[in-house]
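K.L.:
The file below is data05.txt, compact mmCIF, C-alpha atoms and all ligand atoms:
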# COMPACT_ATOMS: atom_id res chain seq x y z
CA MET O 1 17.62 127.03 -12.70
CA ASN O 2 13.92 126.25 -13.03
CA ASN O 3 12.23 128.85 -15.19
CA ASN O 4 8.81 127.23 -15.40
CA PHE O 5 6.84 129.34 -12.91
CA ASN O 6 3.81 127.08 -13.04
CA ASN O 7 5.66 123.87 -12.39
CA ILE O 8 5.45 123.72 -8.62
CA GLU O 9 6.27 120.02 -8.35
CA ASN O 10 10.04 120.47 -8.38
CA LYS O 11 9.88 123.43 -6.01
CA ARG O 12 8.37 121.44 -3.15
CA LYS O 13 10.91 119.71 -0.93
CA ASP O 14 9.08 116.39 -0.57
CA GLY O 15 7.67 116.51 -4.10
CA SER O 16 4.18 115.56 -2.93
CA VAL O 17 0.82 116.77 -4.17
CA TRP O 18 -0.69 117.40 -0.82
CA PHE O 19 -4.08 118.98 -0.88
CA ASN O 20 -6.14 115.87 -0.16
CA ASP O 21 -3.38 114.01 1.62
CA LEU O 22 -3.78 114.27 5.40
CA THR O 23 -0.20 113.17 6.00
CA ARG O 24 0.99 116.15 3.99
CA LYS O 25 3.43 118.55 5.54
CA ARG O 26 3.03 122.17 4.59
CA THR O 27 6.29 123.65 3.39
CA ASN O 28 7.64 127.18 3.65
CA GLY O 29 6.70 129.70 1.07
CA PRO O 30 5.24 129.72 -1.54
CA SER O 31 8.63 130.38 -3.07
CA PHE O 32 10.85 129.71 -6.06
CA LYS O 33 13.70 128.37 -3.97
CA ASP O 34 13.98 126.76 -0.56
CA TYR O 35 17.12 128.61 0.47
CA ARG O 36 16.42 131.66 2.65
CA TYR O 37 19.82 132.56 4.14
CA THR O 38 18.34 131.63 7.53
CA GLU O 39 21.75 130.91 9.03
CA TYR O 40 22.80 134.53 8.42
CA THR O 41 22.09 137.75 10.32
CA ASP O 42 19.38 140.25 9.38
CA GLU O 43 21.97 142.42 7.60
CA THR O 44 22.68 139.59 5.15
CA LYS O 45 19.09 138.32 4.92
CA SER O 46 17.93 141.87 4.07
CA VAL O 47 20.19 141.90 1.04
CA HIS O 48 19.86 138.36 -0.29
CA SER O 49 16.74 136.54 0.93
CA GLY O 50 13.88 136.24 -1.54
CA GLN O 51 15.70 137.85 -4.44
CA TYR O 52 14.70 136.12 -7.66
CA ASP O 53 17.33 136.69 -10.37
CA ASP O 54 15.69 136.33 -13.76
CA PRO O 55 16.81 132.94 -15.16
CA SER O 56 16.05 133.72 -18.79
CA THR O 57 18.07 136.95 -19.09
CA GLY O 58 20.49 136.62 -16.17
CA ALA O 59 19.33 140.04 -14.90
CA LEU O 60 20.49 140.46 -11.32
CA GLY O 61 17.66 141.40 -8.98
CA THR O 62 13.96 140.55 -8.93
CA PRO O 63 12.19 141.78 -12.07
CA ILE O 64 8.86 143.61 -11.73
CA PHE O 65 6.27 141.10 -12.90
CA GLN O 66 3.75 143.79 -13.84
CA CYS O 67 0.95 141.54 -15.02
CA SER O 68 -2.54 140.81 -13.78
CA THR O 69 -2.74 137.27 -15.13
CA PHE O 70 -0.71 134.22 -16.22
CA TYR O 71 -0.96 131.58 -18.95
CA LEU O 72 -3.00 128.66 -17.68
CA ASN O 73 -1.62 125.15 -18.11
CA GLU O 74 -2.21 121.63 -16.79
CA SER O 75 -0.45 122.42 -13.53
CA SER O 76 -2.48 125.55 -12.80
CA TYR O 77 -5.77 123.91 -13.79
CA LYS O 78 -4.95 121.09 -11.39
CA ALA O 79 -4.08 123.54 -8.61
CA ILE O 80 -7.39 125.37 -9.09
CA GLU O 81 -9.26 122.06 -8.92
CA GLU O 82 -7.39 120.98 -5.80
CA GLY O 83 -7.77 124.36 -4.08
CA ARG O 84 -4.03 125.05 -3.76
CA GLY O 85 -3.92 128.12 -5.93
CA ARG O 86 -1.60 129.85 -3.48
CA ASP O 87 1.28 127.77 -4.85
CA GLU O 88 0.68 128.59 -8.50
CA MET O 89 0.81 131.62 -10.75
CA ILE O 90 -2.80 132.11 -11.88
CA TYR O 91 -3.90 135.69 -11.26
CA THR O 92 -2.06 138.49 -9.47
CA ARG O 93 -4.61 138.94 -6.68
CA TYR O 94 -3.87 135.28 -5.83
CA GLY O 95 -0.11 135.48 -6.23
CA ASN O 96 2.65 136.96 -8.37
CA PRO O 97 6.44 136.36 -8.51
CA SER O 98 7.04 139.92 -7.26
CA GLN O 99 4.91 139.13 -4.20
CA TRP O 100 6.59 135.77 -3.61
CA SER O 101 9.99 137.38 -3.75
CA VAL O 102 9.33 140.06 -1.13
CA GLN O 103 7.28 137.62 0.97
CA GLU O 104 10.33 135.36 1.15
CA LYS O 105 12.52 138.23 2.34
CA ILE O 106 9.98 139.11 5.01
CA SER O 107 9.65 135.47 6.09
CA ALA O 108 13.44 135.28 6.45
CA LEU O 109 13.49 138.43 8.58
CA GLU O 110 10.53 137.29 10.73
CA ASN O 111 11.78 133.69 11.06
CA ALA O 112 8.40 132.73 9.64
CA GLU O 113 7.37 129.75 7.53
CA SER O 114 5.17 131.95 5.41
CA SER O 115 4.16 135.57 4.79
CA ILE O 116 1.70 137.55 2.69
CA VAL O 117 2.16 141.12 1.54
CA PHE O 118 -0.88 143.38 1.33
CA CYS O 119 -1.67 146.76 -0.25
CA SER O 120 -1.78 148.40 3.21
CA GLY O 121 -1.22 147.66 6.86
CA MET O 122 -4.98 147.89 7.40
CA ALA O 123 -5.63 145.31 4.66
CA ALA O 124 -3.19 142.95 6.41
CA ILE O 125 -4.71 143.57 9.85
CA SER O 126 -8.37 143.27 8.85
CA SER O 127 -7.75 140.12 6.78
CA ALA O 128 -5.69 138.46 9.52
CA ILE O 129 -8.29 139.21 12.20
CA LEU O 130 -11.30 138.11 10.14
CA ALA O 131 -9.54 134.92 9.07
CA MET O 132 -9.00 133.89 12.70
CA LEU O 133 -12.60 134.45 13.84
CA ASP O 134 -16.03 132.86 13.26
CA LYS O 135 -19.50 134.27 13.78
CA GLY O 136 -20.00 134.77 17.52
CA SER O 137 -16.27 135.00 18.31
CA HIS O 138 -14.93 137.46 20.84
CA ILE O 139 -11.56 139.19 20.76
CA VAL O 140 -9.58 140.94 23.49
CA SER O 141 -7.58 143.92 22.34
CA SER O 142 -6.14 147.12 23.71
CA ARG O 143 -7.36 150.69 24.07
CA ASP O 144 -3.87 151.76 22.96
CA ILE O 145 -3.94 150.57 19.37
CA TYR O 146 -3.70 152.33 16.03
CA GLY O 147 -6.91 154.30 15.36
CA GLY O 148 -7.67 152.47 12.10
CA THR O 149 -7.48 149.09 13.82
CA TYR O 150 -9.56 150.37 16.75
CA ASN O 151 -12.23 151.61 14.33
CA PHE O 152 -12.27 148.28 12.49
CA LEU O 153 -12.70 146.35 15.74
CA TYR O 154 -15.15 148.79 17.31
CA GLU O 155 -17.30 149.66 14.28
CA ASP O 156 -17.18 146.60 12.04
CA LEU O 157 -16.81 143.40 14.07
CA ASP O 158 -20.41 143.35 15.26
CA LYS O 159 -21.57 143.46 11.63
CA PHE O 160 -20.02 139.98 11.38
CA GLY O 161 -21.60 138.82 14.65
CA MET O 162 -18.31 139.19 16.53
CA SER O 163 -17.44 141.30 19.58
CA VAL O 164 -14.45 142.93 21.23
CA THR O 165 -13.33 144.01 24.71
CA PHE O 166 -10.65 146.69 25.01
CA THR O 167 -8.22 146.53 27.94
CA SER O 168 -4.94 148.04 29.05
CA PRO O 169 -2.04 146.69 26.94
CA THR O 170 0.19 146.22 29.96
CA ASN O 171 -2.07 144.84 32.72
CA ILE O 172 -2.10 141.08 32.22
CA ASN O 173 -4.72 140.55 34.96
CA GLU O 174 -7.11 142.94 33.26
CA ILE O 175 -6.50 141.16 29.94
CA GLU O 176 -7.16 137.75 31.49
CA ALA O 177 -10.33 139.01 33.20
CA ALA O 178 -11.66 140.11 29.78
CA ILE O 179 -11.41 136.59 28.32
CA GLN O 180 -14.82 134.98 27.78
CA GLU O 181 -15.97 131.51 26.76
CA ASN O 182 -16.21 132.60 23.12
CA THR O 183 -12.87 134.46 23.05
CA LYS O 184 -10.73 133.25 20.14
CA LEU O 185 -8.10 135.91 19.72
CA LEU O 186 -5.82 138.35 21.56
CA TYR O 187 -4.74 141.31 19.41
CA PHE O 188 -2.14 143.82 20.67
CA GLU O 189 0.59 146.20 19.49
CA ALA O 190 4.12 145.54 20.71
CA LEU O 191 4.94 149.18 21.39
CA THR O 192 2.03 151.59 21.72
CA ASN O 193 1.39 154.93 20.08
CA PRO O 194 2.20 157.58 21.24
CA LEU O 195 3.39 156.78 24.79
CA LEU O 196 5.54 153.78 23.84
CA LYS O 197 4.16 151.42 26.46
CA ILE O 198 5.68 147.96 26.13
CA THR O 199 3.25 145.05 25.78
CA PRO O 200 4.50 142.06 27.81
CA ILE O 201 4.73 139.54 24.98
CA LYS O 202 5.85 136.50 26.99
CA ASP O 203 2.93 136.95 29.41
CA LEU O 204 0.51 137.27 26.50
CA VAL O 205 1.91 134.11 24.89
CA ALA O 206 1.44 132.24 28.18
CA LEU O 207 -2.11 133.58 28.49
CA ALA O 208 -2.95 132.56 24.92
CA LYS O 209 -1.62 129.03 25.62
CA LYS O 210 -3.50 128.76 28.92
CA HIS O 211 -6.85 129.72 27.34
CA ASN O 212 -6.23 128.12 23.94
CA LEU O 213 -6.37 131.44 22.07
CA ARG O 214 -4.52 132.79 19.07
CA LEU O 215 -2.28 135.82 19.54
CA ILE O 216 -1.65 138.46 16.85
CA ILE O 217 0.88 141.22 17.46
CA ASP O 218 1.23 144.40 15.40
CA ASN O 219 4.99 144.99 15.46
CA THR O 220 5.05 148.09 13.25
CA PHE O 221 6.82 150.32 15.83
CA LEU O 222 9.55 147.76 16.56
CA THR O 223 9.90 145.64 13.37
CA PRO O 224 11.48 142.17 13.17
CA TYR O 225 14.94 143.76 13.35
CA ASN O 226 14.28 144.76 16.96
CA VAL O 227 12.15 141.84 18.14
CA LYS O 228 11.18 138.65 16.32
CA MET O 229 7.66 138.10 17.61
CA LEU O 230 7.30 134.57 16.23
CA ASP O 231 10.42 133.47 18.13
CA LEU O 232 8.65 134.58 21.32
CA GLY O 233 5.68 132.31 20.56
CA VAL O 234 3.29 134.78 18.95
CA ASP O 235 1.03 133.07 16.35
CA LEU O 236 0.91 135.83 13.75
CA VAL O 237 2.82 139.07 13.40
CA VAL O 238 1.52 141.98 11.33
CA ASN O 239 3.31 145.13 10.20
CA SER O 240 2.37 148.27 8.38
CA ALA O 241 5.12 147.98 5.75
CA THR O 242 4.41 151.63 4.99
CA LYS O 243 6.63 152.43 7.97
CA TYR O 244 10.08 150.99 8.78
CA LEU O 245 9.97 147.98 6.45
CA ASN O 246 9.76 150.20 3.38
CA GLY O 247 11.35 153.13 5.17
CA HIS O 248 11.21 155.73 2.40
CA SER O 249 7.71 157.23 2.90
CA ASP O 250 6.82 156.33 -0.68
CA LEU O 251 4.46 153.37 -0.52
CA ILE O 252 1.57 151.91 1.47
CA GLY O 253 1.81 148.23 2.37
CA GLY O 254 1.27 145.58 5.00
CA THR O 255 2.56 142.14 5.96
CA VAL O 256 1.35 139.08 7.85
CA SER O 257 3.77 136.30 8.87
CA GLY O 258 3.45 133.05 10.77
CA SER O 259 3.16 129.31 10.29
CA ARG O 260 2.26 128.13 6.81
CA LYS O 261 -0.90 126.61 8.27
CA LEU O 262 -2.21 129.90 9.70
CA VAL O 263 -1.05 132.06 6.81
CA ASP O 264 -2.79 129.66 4.41
CA ARG O 265 -6.02 130.52 6.28
CA ILE O 266 -5.44 134.24 5.78
CA TRP O 267 -4.81 133.87 2.04
CA PRO O 268 -8.47 133.14 1.08
CA GLN O 269 -9.55 136.06 3.30
CA MET O 270 -7.16 138.28 1.34
CA LEU O 271 -8.70 137.04 -1.91
CA LYS O 272 -12.15 138.06 -0.63
CA ASN O 273 -11.12 141.42 0.80
CA GLY O 274 -8.99 142.12 -2.25
CA GLY O 275 -5.98 143.58 -0.46
CA SER O 276 -3.08 142.05 -2.40
CA MET O 277 0.00 144.13 -3.12
CA ASP O 278 0.67 145.47 -6.60
CA PRO O 279 3.85 144.07 -8.26
CA HIS O 280 5.47 147.48 -8.59
CA ALA O 281 4.96 148.16 -4.87
CA CYS O 282 6.46 144.69 -4.19
CA PHE O 283 9.53 145.65 -6.17
CA MET O 284 9.90 148.90 -4.22
CA LEU O 285 9.44 147.12 -0.89
CA GLU O 286 11.93 144.37 -1.70
CA ARG O 287 14.47 146.94 -2.87
CA SER O 288 13.94 149.08 0.24
CA LEU O 289 14.32 146.07 2.50
CA LYS O 290 17.88 145.56 1.28
CA THR O 291 18.90 148.40 3.60
CA PHE O 292 16.41 147.51 6.33
CA ALA O 293 18.90 146.30 8.93
CA LEU O 294 21.26 149.21 8.29
CA ARG O 295 18.42 151.69 8.60
CA MET O 296 17.07 150.12 11.79
CA LYS O 297 20.47 150.18 13.44
CA THR O 298 20.71 153.92 12.79
CA HIS O 299 17.09 154.65 13.78
CA ASN O 300 17.70 152.87 17.09
CA SER O 301 20.99 154.56 17.92
CA ASN O 302 19.87 158.04 16.79
CA ALA O 303 16.69 157.76 18.90
CA MET O 304 18.68 156.68 21.96
CA GLU O 305 21.05 159.67 21.68
CA LEU O 306 18.27 162.14 21.01
CA ALA O 307 16.16 160.78 23.90
CA GLU O 308 19.09 161.36 26.27
CA TYR O 309 19.60 164.86 24.88
CA LEU O 310 15.90 165.73 25.29
CA GLU O 311 15.74 164.27 28.80
CA ASN O 312 18.53 166.60 29.88
CA HIS O 313 17.02 169.71 28.28
CA PRO O 314 15.48 172.13 30.83
CA LYS O 315 12.48 172.96 28.60
CA ILE O 316 11.48 169.33 28.06
CA LYS O 317 9.25 167.88 30.78
CA ASN O 318 8.86 164.17 30.05
CA VAL O 319 10.51 161.89 27.52
CA TYR O 320 8.93 158.54 26.65
CA TYR O 321 11.51 156.15 25.23
CA PRO O 322 12.01 152.47 26.18
CA GLY O 323 15.80 152.86 26.26
CA LEU O 324 15.70 155.41 29.08
CA GLN O 325 16.02 154.35 32.71
CA SER O 326 13.07 156.68 33.41
CA HIS O 327 10.71 154.58 31.24
CA PRO O 328 8.15 153.04 33.64
CA GLN O 329 8.85 149.58 32.15
CA SER O 330 12.62 149.92 31.73
CA GLU O 331 13.22 146.43 33.18
CA LEU O 332 10.81 144.85 30.69
CA ALA O 333 12.44 146.94 27.95
CA LYS O 334 15.83 145.41 28.77
CA GLU O 335 14.44 141.89 28.78
CA GLN O 336 12.19 142.14 25.71
CA LEU O 337 13.94 144.67 23.49
CA LYS O 338 17.53 143.87 24.46
CA GLY O 339 18.80 147.36 23.67
CA ARG O 340 16.92 147.61 20.35
CA ASN O 341 14.46 150.23 21.52
CA SER O 342 13.03 151.56 18.22
CA GLY O 343 13.33 154.91 16.49
CA MET O 344 10.20 156.40 18.08
CA ILE O 345 10.29 159.03 20.84
CA SER O 346 7.48 161.02 22.44
CA PHE O 347 8.12 164.00 24.69
CA GLU O 348 6.33 166.89 26.40
CA ILE O 349 7.51 170.45 26.05
CA GLU O 350 7.05 173.35 28.54
CA GLY O 351 4.30 175.69 27.37
CA GLY O 352 1.92 173.00 26.10
CA ASP O 353 0.47 172.62 22.63
CA LYS O 354 1.15 176.27 21.71
CA LYS O 355 4.89 175.81 22.22
CA SER O 356 4.87 172.42 20.53
CA HIS O 357 3.42 174.03 17.39
CA GLU O 358 6.19 176.63 17.51
CA LEU O 359 8.81 173.91 17.85
CA LEU O 360 7.48 172.05 14.79
CA LYS O 361 7.63 175.25 12.73
CA THR O 362 11.15 176.12 13.90
CA LEU O 363 12.82 172.74 13.38
CA LYS O 364 14.51 172.50 9.98
CA LEU O 365 15.13 168.77 9.57
CA PRO O 366 12.11 166.82 10.90
CA LYS O 367 9.19 167.02 8.49
CA GLU O 368 5.84 167.94 10.02
CA ALA O 369 3.91 164.92 8.78
CA THR O 370 2.01 161.96 10.13
CA SER O 371 3.35 158.39 9.62
CA LEU O 372 6.69 157.10 10.85
CA GLY O 373 9.66 154.93 10.00
CA GLY O 374 10.98 156.97 7.08
CA VAL O 375 14.64 157.75 6.49
CA GLU O 376 13.72 161.38 7.20
CA SER O 377 12.71 162.40 10.72
CA LEU O 378 8.94 162.88 10.93
CA ILE O 379 7.26 164.89 13.67
CA SER O 380 3.62 165.38 14.65
CA LEU O 381 1.33 166.17 17.57
CA PRO O 382 -0.93 163.35 18.76
CA TYR O 383 -3.64 165.83 19.88
CA ASN O 384 -4.42 166.94 16.31
CA THR O 385 -3.47 163.77 14.44
CA SER O 386 -3.67 160.22 15.85
CA GLN O 387 -5.73 161.12 18.96
CA ALA O 388 -7.74 163.99 17.41
CA SER O 389 -11.06 162.18 17.88
CA LEU O 390 -10.67 162.22 21.70
CA THR O 391 -11.66 165.14 23.95
CA LYS O 392 -8.93 166.88 25.96
CA GLU O 393 -10.16 165.11 29.11
CA GLN O 394 -10.14 161.71 27.40
CA ARG O 395 -6.62 162.34 26.15
CA LYS O 396 -5.49 163.34 29.63
CA SER O 397 -7.04 160.20 31.11
CA ILE O 398 -4.85 158.02 28.89
CA GLY O 399 -1.72 160.07 29.61
CA ILE O 400 -1.64 162.32 26.53
CA ASN O 401 -0.79 165.65 28.13
CA ASP O 402 -0.67 169.15 26.71
CA GLY O 403 2.50 169.67 24.69
CA LEU O 404 3.06 166.02 23.76
CA ILE O 405 5.08 165.59 20.57
CA ARG O 406 5.72 162.36 18.63
CA LEU O 407 8.95 162.02 16.74
CA SER O 408 10.04 159.30 14.34
CA VAL O 409 13.80 159.74 14.38
CA GLY O 410 15.27 159.40 10.90
CA ILE O 411 18.70 158.28 9.77
CA GLU O 412 20.17 161.77 9.34
CA ASP O 413 23.48 162.42 11.14
CA ILE O 414 22.60 162.49 14.85
CA ASP O 415 24.80 165.57 15.42
CA ASP O 416 22.76 167.43 12.80
CA ILE O 417 19.48 166.36 14.43
CA ILE O 418 20.63 167.43 17.89
CA SER O 419 21.95 170.80 16.69
CA ASP O 420 18.62 171.37 14.91
CA PHE O 421 16.75 170.75 18.20
CA ASN O 422 19.26 173.03 19.95
CA GLN O 423 18.64 175.93 17.57
CA ALA O 424 14.85 175.41 17.59
CA LEU O 425 14.51 175.18 21.39
CA HIS O 426 16.86 178.15 21.83
CA SER O 427 14.84 180.22 19.40
CA ILE O 428 11.36 179.53 20.89
CA PHE O 429 12.28 179.96 24.58
C1 LIG P 501 0.87 150.61 14.47
C2 LIG P 501 0.17 150.74 13.14
N1 LIG P 501 -0.46 149.67 12.65
C3 LIG P 501 -1.11 149.74 11.47
C4 LIG P 501 -1.17 150.91 10.74
C5 LIG P 501 -1.93 150.93 9.44
O1 LIG P 501 -1.05 150.84 8.38
P1 LIG P 501 -1.35 151.41 6.92
O2 LIG P 501 -1.44 152.90 7.02
O3 LIG P 501 -0.18 150.92 6.12
O4 LIG P 501 -2.64 150.80 6.46
C6 LIG P 501 -0.52 152.04 11.22
C7 LIG P 501 -0.56 153.30 10.44
O5 LIG P 501 -0.20 154.36 10.92
C8 LIG P 501 0.17 151.95 12.47
O6 LIG P 501 0.80 153.01 12.99
Could the structure of this file be written out as structure tokens, please?

P.N.:
Amino acid sequence: MNNNFNNIENKRKDGSVWFNDLTRKRTNGPSFKDYRYTEYTDETKSVHSGQYDDPSTGALGTPIFQCSTFYLNESSYKAIEEGRGRDEMIYTRYGNPSQWSVQEKISALENAESSIVFCSGMAAISSAILAMLDKGSHIVSSRDIYGGTYNFLYEDLDKFGMSVTFTSPTNINEIEAAIQENTKLLYFEALTNPLLKITPIKDLVALAKKHNLRLIIDNTFLTPYNVKMLDLGVDLVVNSATKYLNGHSDLIGGTVSGSRKLVDRIWPQMLKNGGSMDPHACFMLERSLKTFALRMKTHNSNAMELAEYLENHPKIKNVYYPGLQSHPQSELAKEQLKGRNSGMISFEIEGGDKKSHELLKTLKLPKEATSLGGVESLISLPYNTSQASLTKEQRKSIGINDGLIRLSVGIEDIDDIISDFNQALHSIF
């Protein structure tokens, strides 16, 4: 096995030095090996893809390359000169074997040529967006996006001479009407927070093609286990790895995946914004991802069972879950999600916010905490967390009613979760 990290020549399939060669073909990666287990299912890819067994000691599993810098040599000097530092080990903000390893696993799961891991979802999102735009560019996005992303688009884009129009995430006519001559990018979330509206991805892909725009989708709520956005024609997919990808509520991270060509454009933006992922966090993320498919399977099935239980409970008014027939887009859910409906549920309880507070205090298993996608169930109220900056009237106008609760269903035994809800609802009513 090759143990010279800086010798990229024998890692590239065609062996070419390509920076100034216009006939060059960008390869996958950067990576230590070309084999990604692509012919296998996500269960197998989660375990094996990207793992870099240490060739000098024979240690099984990717070591933590906890270093900020690397010995320079002829190969790295040449890469710096030719501007292809992404394929070399030079400095950890540029690249590190721990990053390459987890990036390869994510690329395998996303069916992507290339991926970058970042120190947070917001670092991934802001770098990806800025890298796709020039001064004067316009972007169409949704009113129903994560607050941090909304703030970045709303408060910061005009500092760079860029602008944004916010539309509904589901009304394709409204989205098309917002496109201007200088529009370069469509940016949407696949499943919205907290009402779990489904963004029609195929329609957005068609719109992006028609108007020659790039399309970025934040797939944090669904993950590549449930829907592979790149397979549907999306240009770039971003995730807050803090959530399901890591799944243990113990790190902050983000990912961007897509073609090597586009991801190579995001890399220099990451260098400028400084959002690269620390090697120890990479190790934790790669390790956590080994159980990713198993976890997602359980999140999905637990959420489905709990959604049905809640829908049949007399004290629960509305349940928002794409797997339910009552979801306003249940046909689109079947077509786009194919039964993999996520682990997120929102529901409204009789008695409004007062009763919802009581429920949170009476439940024993779900932790009252923001965030989502952990192995433990996490529960919160949108009115005093994610949508706290809106007035009651504004919340109502976007469908966030009194008593709305957001639940990230964990991987506990579903019978235990349901009996916990039973005891809590029984005790507060
Ligand atoms: C859908 C979505 N995208 C992005 C983010 C930002 O991710 P991070 O907190 O890892 O920066 C979040 C965080 O809650 C999120 O829910």

K.L.:
At a cut-off of 10 Å, using all atoms listed in the file, what residues contact His248 (chain O)? Leave out same-chain residues fewer than 4 positions from it and give the result as an MDAnalysis selection string.

P.N.:
chainID O and resid 242:244 284:285 288 372:376

K.L.:
Have a look at O:Ser371, O:Gln387, O:Gln66, O:Ser346 and name the one nearest to Thr220 (chain O); count only C-alpha atoms.

P.N.:
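Distance minimum relative to Thr220 (chain O) lands on O:Ser371.
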
K.L.:
Counting only C-alpha atoms and all ligand atoms, which protein, DNA or RNA residues come within 6 Å of ligand LIG 501 (chain P), given as a PyMOL selection string?

P.N.:
chain O and resi 120-122+146+220+240+242+252-254+371

K.L.:
Please build the interface table for region 99-173 of chain O against region 29-41 of chain O with a cut-off of 8 Å, listing for each qualifying residue the nearest atom pair and the distance in Å to one decimal; count all atoms listed in the file, order rows by chain and increasing number, and write it as a Markdown table.

P.N.:
| residue | atom | partner | partner_atom | distance |
| --- | --- | --- | --- | --- |
| O:Trp100 | CA | O:Ser31 | CA | 5.8 |
| O:Ser101 | CA | O:Ser31 | CA | 7.2 |
| O:Gln103 | CA | O:Gly29 | CA | 7.9 |
| O:Glu104 | CA | O:Gly29 | CA | 6.7 |
| O:Lys105 | CA | O:Arg36 | CA | 7.6 |
| O:Ala108 | CA | O:Arg36 | CA | 6.0 |
| O:Asn111 | CA | O:Thr38 | CA | 7.7 |
| O:Glu113 | CA | O:Gly29 | CA | 6.5 |
| O:Ser114 | CA | O:Gly29 | CA | 5.1 |
| O:Ser115 | CA | O:Gly29 | CA | 7.4 |

K.L.:
Can you pull out every residue within 8 Å of His299 (chain O), counting only C-alpha atoms, but drop anything in the same chain fewer than 2 positions away, and send it as a VMD selection string?

P.N.:
chain O and resid 295 to 297 301 to 303 342 to 343 409 to 411

K.L.:
Can you work out the spacing between CA of Tyr320 (chain O) and CA of Ser142 (chain O) in Å, to one decimal?

P.N.:
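Taking CA of Tyr320 (chain O) and CA of Ser142 (chain O), their separation equals 19.1 Å.
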
K.L.:
Which is closer to Ile398 (chain O) than all the others in O:Ile316, O:Met162, O:Tyr383, O:Asp250, using only C-alpha atoms?

P.N.:
O:Tyr383

K.L.:
One decimal, Å: what's the distance from CA of Gly352 (chain O) over to CA of Asn318 (chain O), could you say?

P.N.:
11.9 Å

K.L.:
May I ask which of the residues O:Asn246, O:Glu74, O:Ser389, O:Glu412 is the closest one to Tyr150 (chain O), counting all atoms listed in the file?

P.N.:
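Closest to Tyr150 (chain O), using all atoms listed in the file: O:Ser389.
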
K.L.:
What are the nearest atom pairs, with distances in Å to one decimal, for all residues of region 96-184 of chain O that come at most 8 Å from region 193-203 of chain O, using only C-alpha atoms, set out by chain and rising residue number as CSV?

P.N.:
residue,atom,partner,partner_atom,distance
O:Asp144,CA,O:Asn193,CA,6.8
O:Ile145,CA,O:Asn193,CA,6.9
O:Tyr146,CA,O:Asn193,CA,7.0
O:Pro169,CA,O:Thr199,CA,5.7
O:Thr170,CA,O:Thr199,CA,5.3
O:Ile172,CA,O:Asp203,CA,7.1

K.L.:
Check the smallest atom-to-atom distance from each of O:Gly399, O:Pro97, O:Pro322, O:Gly148 to Tyr52 (chain O) using all atoms listed in the file, then report the winner.

P.N.:
O:Pro97

K.L.:
List as JSON, numbers by chain the protein and nucleic acid residues near region 90-92 of chain O, meaning an atom at most 12 Å away when only C-alpha atoms are counted, but skip any in the same chain fewer than 6 places from it.

P.N.:
{"O": [5, 6, 7, 65, 66, 67, 68, 69, 70, 71, 72, 73, 74, 75, 76, 77, 78, 79, 80, 84, 98, 99, 100, 118, 270, 271, 274, 275, 276, 277, 278, 279, 280, 282]}

K.L.:
Generate a file of the selected residues that holds C-alpha atoms, formatted as an mmCIF file, in the frame of the given file.

P.N.:
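Heads up, here's the output in again_38.cif:
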data_model
loop_
_atom_site.group_PDB
_atom_site.id
_atom_site.type_symbol
_atom_site.label_atom_id
_atom_site.label_comp_id
_atom_site.auth_asym_id
_atom_site.auth_seq_id
_atom_site.Cartn_x
_atom_site.Cartn_y
_atom_site.Cartn_z
ATOM 1 C CA PHE O 5 6.840 129.340 -12.910
ATOM 2 C CA ASN O 6 3.810 127.080 -13.040
ATOM 3 C CA ASN O 7 5.660 123.870 -12.390
ATOM 4 C CA PHE O 65 6.270 141.100 -12.900
ATOM 5 C CA GLN O 66 3.750 143.790 -13.840
ATOM 6 C CA CYS O 67 0.950 141.540 -15.020
ATOM 7 C CA SER O 68 -2.540 140.810 -13.780
ATOM 8 C CA THR O 69 -2.740 137.270 -15.130
ATOM 9 C CA PHE O 70 -0.710 134.220 -16.220
ATOM 10 C CA TYR O 71 -0.960 131.580 -18.950
ATOM 11 C CA LEU O 72 -3.000 128.660 -17.680
ATOM 12 C CA ASN O 73 -1.620 125.150 -18.110
ATOM 13 C CA GLU O 74 -2.210 121.630 -16.790
ATOM 14 C CA SER O 75 -0.450 122.420 -13.530
ATOM 15 C CA SER O 76 -2.480 125.550 -12.800
ATOM 16 C CA TYR O 77 -5.770 123.910 -13.790
ATOM 17 C CA LYS O 78 -4.950 121.090 -11.390
ATOM 18 C CA ALA O 79 -4.080 123.540 -8.610
ATOM 19 C CA ILE O 80 -7.390 125.370 -9.090
ATOM 20 C CA ARG O 84 -4.030 125.050 -3.760
ATOM 21 C CA SER O 98 7.040 139.920 -7.260
ATOM 22 C CA GLN O 99 4.910 139.130 -4.200
ATOM 23 C CA TRP O 100 6.590 135.770 -3.610
ATOM 24 C CA PHE O 118 -0.880 143.380 1.330
ATOM 25 C CA MET O 270 -7.160 138.280 1.340
ATOM 26 C CA LEU O 271 -8.700 137.040 -1.910
ATOM 27 C CA GLY O 274 -8.990 142.120 -2.250
ATOM 28 C CA GLY O 275 -5.980 143.580 -0.460
ATOM 29 C CA SER O 276 -3.080 142.050 -2.400
ATOM 30 C CA MET O 277 0.000 144.130 -3.120
ATOM 31 C CA ASP O 278 0.670 145.470 -6.600
ATOM 32 C CA PRO O 279 3.850 144.070 -8.260
ATOM 33 C CA HIS O 280 5.470 147.480 -8.590
ATOM 34 C CA CYS O 282 6.460 144.690 -4.190
#

K.L.:
Counting all atoms listed in the file, which residue out of O:Leu365, O:Val117, O:Leu230, O:Leu204 sits closest to Gln423 (chain O)?

P.N.:
O:Leu365

K.L.:
Between CA of Leu109 (chain O) and CA of Tyr225 (chain O), what is the distance in Å, rounded to a tenth?

P.N.:
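Interatomic distance here is 7.3 Å.
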